[in-house]
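Raw upload21.cif, mmCIF, C-alpha atoms:
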```cif
data_model
#
loop_
_atom_site.group_PDB
_atom_site.id
_atom_site.type_symbol
_atom_site.label_atom_id
_atom_site.label_comp_id
_atom_site.auth_asym_id
_atom_site.auth_seq_id
_atom_site.Cartn_x
_atom_site.Cartn_y
_atom_site.Cartn_z
ATOM 1 C CA MET A 1497 -2.783 19.479 2.519
ATOM 2 C CA GLY A 1498 -4.650 16.514 3.960
ATOM 3 C CA THR A 1499 -6.151 15.790 7.360
ATOM 4 C CA PRO A 1500 -3.968 14.776 10.305
ATOM 5 C CA PHE A 1501 -5.154 11.166 9.839
ATOM 6 C CA GLN A 1502 -4.320 11.205 6.132
ATOM 7 C CA LYS A 1503 -0.859 12.575 6.923
ATOM 8 C CA ARG A 1504 -0.279 9.695 9.370
ATOM 9 C CA VAL A 1505 -1.294 7.221 6.659
ATOM 10 C CA TRP A 1506 1.014 8.840 4.110
ATOM 11 C CA GLU A 1507 3.911 8.808 6.571
ATOM 12 C CA ALA A 1508 3.321 5.113 7.327
ATOM 13 C CA LEU A 1509 3.420 4.338 3.597
ATOM 14 C CA ARG A 1510 7.065 5.440 3.592
ATOM 15 C CA SER A 1511 7.864 2.485 5.882
ATOM 16 C CA ILE A 1512 6.900 -0.148 3.309
ATOM 17 C CA PRO A 1513 10.121 -1.412 1.730
ATOM 18 C CA GLU A 1514 10.600 -1.686 -2.017
ATOM 19 C CA GLY A 1515 9.595 -5.126 -3.267
ATOM 20 C CA ARG A 1516 7.166 -5.680 -0.396
ATOM 21 C CA VAL A 1517 3.432 -5.075 -0.045
ATOM 22 C CA THR A 1518 1.019 -4.562 2.815
ATOM 23 C CA THR A 1519 -2.749 -4.519 3.142
ATOM 24 C CA TYR A 1520 -5.171 -1.766 4.051
ATOM 25 C CA GLY A 1521 -6.070 -3.707 7.206
ATOM 26 C CA LEU A 1522 -2.455 -4.117 8.344
ATOM 27 C CA LEU A 1523 -1.854 -0.438 7.706
ATOM 28 C CA ALA A 1524 -4.917 0.474 9.774
ATOM 29 C CA HIS A 1525 -3.776 -1.852 12.574
ATOM 30 C CA TYR A 1526 -0.309 -0.283 12.564
ATOM 31 C CA LEU A 1527 -1.936 3.138 12.962
ATOM 32 C CA GLY A 1528 -4.068 1.896 15.858
ATOM 33 C CA SER A 1529 -7.272 2.216 13.879
ATOM 34 C CA ARG A 1530 -10.057 -0.104 12.832
ATOM 35 C CA ALA A 1531 -11.138 2.329 10.119
ATOM 36 C CA VAL A 1532 -9.883 0.345 7.136
ATOM 37 C CA ARG A 1533 -12.043 2.272 4.689
ATOM 38 C CA ALA A 1534 -10.702 5.585 5.966
ATOM 39 C CA VAL A 1535 -7.178 4.235 5.488
ATOM 40 C CA ALA A 1536 -8.048 3.168 1.939
ATOM 41 C CA THR A 1537 -9.471 6.615 1.227
ATOM 42 C CA ALA A 1538 -6.303 8.270 2.544
ATOM 43 C CA VAL A 1539 -4.124 5.941 0.472
ATOM 44 C CA GLY A 1540 -6.165 6.868 -2.600
ATOM 45 C CA LYS A 1541 -5.689 10.578 -1.903
ATOM 46 C CA ASN A 1542 -1.903 10.343 -1.577
ATOM 47 C CA PRO A 1543 -0.706 13.575 -3.214
ATOM 48 C CA ASP A 1544 2.858 12.390 -3.706
ATOM 49 C CA ALA A 1545 2.577 9.053 -5.510
ATOM 50 C CA PRO A 1546 4.675 7.137 -6.379
ATOM 51 C CA ARG A 1547 7.372 8.799 -4.242
ATOM 52 C CA VAL A 1548 5.177 7.964 -1.256
ATOM 53 C CA PRO A 1549 4.540 4.344 -2.238
ATOM 54 C CA CYS A 1550 0.784 3.871 -2.033
ATOM 55 C CA HIS A 1551 1.138 1.344 -4.861
ATOM 56 C CA ARG A 1552 2.528 -1.101 -2.264
ATOM 57 C CA VAL A 1553 -0.862 -1.391 -0.524
ATOM 58 C CA VAL A 1554 -3.003 -4.262 -1.794
ATOM 59 C CA ARG A 1555 -6.139 -6.123 -0.792
ATOM 60 C CA ALA A 1556 -6.092 -8.736 1.977
ATOM 61 C CA ASP A 1557 -6.664 -11.538 -0.539
ATOM 62 C CA GLY A 1558 -3.453 -10.624 -2.391
ATOM 63 C CA SER A 1559 -5.146 -8.982 -5.349
ATOM 64 C CA ILE A 1560 -3.598 -5.693 -6.370
ATOM 65 C CA GLY A 1561 -6.768 -3.645 -6.041
ATOM 66 C CA ARG A 1562 -7.242 -0.193 -7.462
ATOM 67 C CA TYR A 1563 -4.884 2.708 -8.077
ATOM 68 C CA SER A 1564 -6.021 6.313 -8.281
ATOM 69 C CA GLY A 1565 -2.752 7.565 -9.723
ATOM 70 C CA GLU A 1566 -2.216 8.349 -13.380
ATOM 71 C CA GLY A 1567 -2.593 5.225 -15.503
ATOM 72 C CA GLY A 1568 -4.709 3.366 -12.944
ATOM 73 C CA VAL A 1569 -4.197 -0.299 -12.165
ATOM 74 C CA GLN A 1570 -1.781 -0.775 -15.074
ATOM 75 C CA THR A 1571 0.574 1.770 -13.502
ATOM 76 C CA LYS A 1572 0.267 0.120 -10.083
ATOM 77 C CA GLN A 1573 1.123 -3.246 -11.601
ATOM 78 C CA ARG A 1574 4.061 -1.783 -13.537
ATOM 79 C CA LEU A 1575 5.424 -0.077 -10.397
ATOM 80 C CA LEU A 1576 5.157 -3.261 -8.350
ATOM 81 C CA GLU A 1577 6.760 -5.369 -11.065
ATOM 82 C CA SER A 1578 9.606 -2.851 -11.408
ATOM 83 C CA GLU A 1579 10.322 -3.546 -7.722
ATOM 84 C CA GLY A 1580 10.437 -7.306 -8.307
ATOM 85 C CA VAL A 1581 6.888 -8.133 -7.209
ATOM 86 C CA VAL A 1582 5.464 -10.918 -9.360
ATOM 87 C CA ILE A 1583 1.790 -10.572 -10.282
ATOM 88 C CA GLU A 1584 -0.209 -13.322 -11.922
ATOM 89 C CA ASN A 1585 -3.869 -12.956 -12.850
ATOM 90 C CA GLY A 1586 -4.157 -9.769 -10.797
ATOM 91 C CA LYS A 1587 -2.773 -11.353 -7.617
ATOM 92 C CA ILE A 1588 0.562 -11.064 -5.856
ATOM 93 C CA ASP A 1589 2.650 -14.224 -6.234
ATOM 94 C CA ASN A 1590 4.210 -15.386 -2.933
ATOM 95 C CA PHE A 1591 1.942 -12.940 -1.142
ATOM 96 C CA ASP A 1592 2.656 -14.351 2.325
ATOM 97 C CA ARG A 1593 6.412 -14.157 1.755
ATOM 98 C CA ILE A 1594 6.538 -10.502 0.708
ATOM 99 C CA LEU A 1595 3.768 -9.230 2.998
ATOM 100 C CA PHE A 1596 5.004 -6.387 5.207
ATOM 101 C CA ASP A 1597 3.183 -6.285 8.551
ATOM 102 C CA PHE A 1598 5.005 -3.293 10.105
ATOM 103 C CA SER A 1599 6.549 -5.483 12.827
ATOM 104 C CA GLU A 1600 9.927 -4.322 11.543
ATOM 105 C CA CYS A 1601 9.039 -0.706 12.359
ATOM 106 C CA THR A 1602 10.107 0.771 15.641
ATOM 107 C CA ASP A 1603 8.098 3.583 17.171
#
```

Rewrite the coordinates I just gave you, this time as structure tokens.
Amino acid sequence: MGTPFQKRVWEALRSIPEGRVTTYGLLAHYLGSRAVRAVATAVGKNPDAPRVPCHRVVRADGSIGRYSGEGGVQTKQRLLESEGVVIENGKIDNFDRILFDFSECTD
């Protein structure tokens, strides 16, 4: 299930540590792609959420964005908060500090 590109996105999501977030753009960059919208579409089609943590992908401005899983944005916020991510007014608190840029990944 899923295209080869979507499967690469879903596998990359597994690299994002609990309590950290990344952006669609950083995820695309990690995959060697400039197709940020295609990455966002693949994230939204994740068939194994929240086990494959698509909820850890947020917008570049630190806002939590959308969530296509059951319960929508409220579920995304609850999942992030359960991992210790602080959200105020729809934005990630200390965004720069908890941003995961995939530099810790070795390929």

Option closest in space to Tyr1520 in chain A, from A:Asn1590, A:Ser1599, A:Ser1559, A:Gln1573 [counting all atoms listed in the file]: A:Ser1559

Point out the residue among A:Arg1574, A:Lys1587, A:Lys1503, A:His1525 with the least atom-to-atom distance to Thr1537 in chain A, counting only C-alpha atoms. A:Lys1503

Between A:Gly1521, A:Phe1501, A:Leu1576, A:Gly1565, which has the minimum distance to Pro1543 in chain A (counting all atoms listed in the file)? A:Gly1565

Give as a list in words the residues that the PyMOL selection byres ((chain A and resi 1581-1583) around 10) matches when applied to the coordinates above. Glu1514, Gly1515, Arg1516, Val1517, Arg1552, Gly1558, Ser1559, Ile1560, Gln1573, Arg1574, Leu1575, Leu1576, Glu1577, Ser1578, Glu1579, Gly1580, Glu1584, Asn1585, Gly1586, Lys1587, Ile1588, Asp1589, Asn1590, Phe1591 and Ile1594 of chain A

Keeping only C-alpha atoms, write those residues as a PDB file, in the frame of the given file.
```
ATOM      1  CA  GLU A1514      10.600  -1.686  -2.017  1.00  0.00           C
ATOM      2  CA  GLY A1515       9.595  -5.126  -3.267  1.00  0.00           C
ATOM      3  CA  ARG A1516       7.166  -5.680  -0.396  1.00  0.00           C
ATOM      4  CA  VAL A1517       3.432  -5.075  -0.045  1.00  0.00           C
ATOM      5  CA  ARG A1552       2.528  -1.101  -2.264  1.00  0.00           C
ATOM      6  CA  GLY A1558      -3.453 -10.624  -2.391  1.00  0.00           C
ATOM      7  CA  SER A1559      -5.146  -8.982  -5.349  1.00  0.00           C
ATOM      8  CA  ILE A1560      -3.598  -5.693  -6.370  1.00  0.00           C
ATOM      9  CA  GLN A1573       1.123  -3.246 -11.601  1.00  0.00           C
ATOM     10  CA  ARG A1574       4.061  -1.783 -13.537  1.00  0.00           C
ATOM     11  CA  LEU A1575       5.424  -0.077 -10.397  1.00  0.00           C
ATOM     12  CA  LEU A1576       5.157  -3.261  -8.350  1.00  0.00           C
ATOM     13  CA  GLU A1577       6.760  -5.369 -11.065  1.00  0.00           C
ATOM     14  CA  SER A1578       9.606  -2.851 -11.408  1.00  0.00           C
ATOM     15  CA  GLU A1579      10.322  -3.546  -7.722  1.00  0.00           C
ATOM     16  CA  GLY A1580      10.437  -7.306  -8.307  1.00  0.00           C
ATOM     17  CA  GLU A1584      -0.209 -13.322 -11.922  1.00  0.00           C
ATOM     18  CA  ASN A1585      -3.869 -12.956 -12.850  1.00  0.00           C
ATOM     19  CA  GLY A1586      -4.157  -9.769 -10.797  1.00  0.00           C
ATOM     20  CA  LYS A1587      -2.773 -11.353  -7.617  1.00  0.00           C
ATOM     21  CA  ILE A1588       0.562 -11.064  -5.856  1.00  0.00           C
ATOM     22  CA  ASP A1589       2.650 -14.224  -6.234  1.00  0.00           C
ATOM     23  CA  ASN A1590       4.210 -15.386  -2.933  1.00  0.00           C
ATOM     24  CA  PHE A1591       1.942 -12.940  -1.142  1.00  0.00           C
ATOM     25  CA  ILE A1594       6.538 -10.502   0.708  1.00  0.00           C
TER      26      ILE A1594
END
```

Between CA of Glu1566 in chain A and CA of Ala1524 in chain A, what is the spacing in Å?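 Pair CA of Ala1524 in chain A / CA of Glu1566 in chain A returns 24.6 Å.
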
Which value, in Å to one decimal, gives the distance between CA of Phe1598 in chain A and CA of Thr1499 in chain A?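 Atom-to-atom, CA of Phe1598 in chain A and CA of Thr1499 in chain A are spaced 22.3 Å apart.
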
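Going from CA of Ala1508 in chain A to CA of Cys1550 in chain A covers 9.8 Å.
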
Reference answer for the PyMOL selection byres ((chain A and resi 1506) around 8), as JSON, numbers by chain: {"A": [1502, 1503, 1504, 1505, 1507, 1508, 1509, 1510, 1538, 1539, 1542, 1548, 1550]}

Selected residues written out, C-alpha atoms, as an mmCIF file, in the frame of the given file:
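See result-v3.cif below for the written result:
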```cif
data_model
loop_
_atom_site.group_PDB
_atom_site.id
_atom_site.type_symbol
_atom_site.label_atom_id
_atom_site.label_comp_id
_atom_site.auth_asym_id
_atom_site.auth_seq_id
_atom_site.Cartn_x
_atom_site.Cartn_y
_atom_site.Cartn_z
ATOM 1 C CA GLN A 1502 -4.320 11.205 6.132
ATOM 2 C CA LYS A 1503 -0.859 12.575 6.923
ATOM 3 C CA ARG A 1504 -0.279 9.695 9.370
ATOM 4 C CA VAL A 1505 -1.294 7.221 6.659
ATOM 5 C CA GLU A 1507 3.911 8.808 6.571
ATOM 6 C CA ALA A 1508 3.321 5.113 7.327
ATOM 7 C CA LEU A 1509 3.420 4.338 3.597
ATOM 8 C CA ARG A 1510 7.065 5.440 3.592
ATOM 9 C CA ALA A 1538 -6.303 8.270 2.544
ATOM 10 C CA VAL A 1539 -4.124 5.941 0.472
ATOM 11 C CA ASN A 1542 -1.903 10.343 -1.577
ATOM 12 C CA VAL A 1548 5.177 7.964 -1.256
ATOM 13 C CA CYS A 1550 0.784 3.871 -2.033
#
```

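Of the listed residues A:Arg1530, A:Ala1556, A:Gly1561, A:Ser1511, the one whose atoms come nearest to Asp1592 in chain A is A:Ala1556, with distances taken using all atoms listed in the file.
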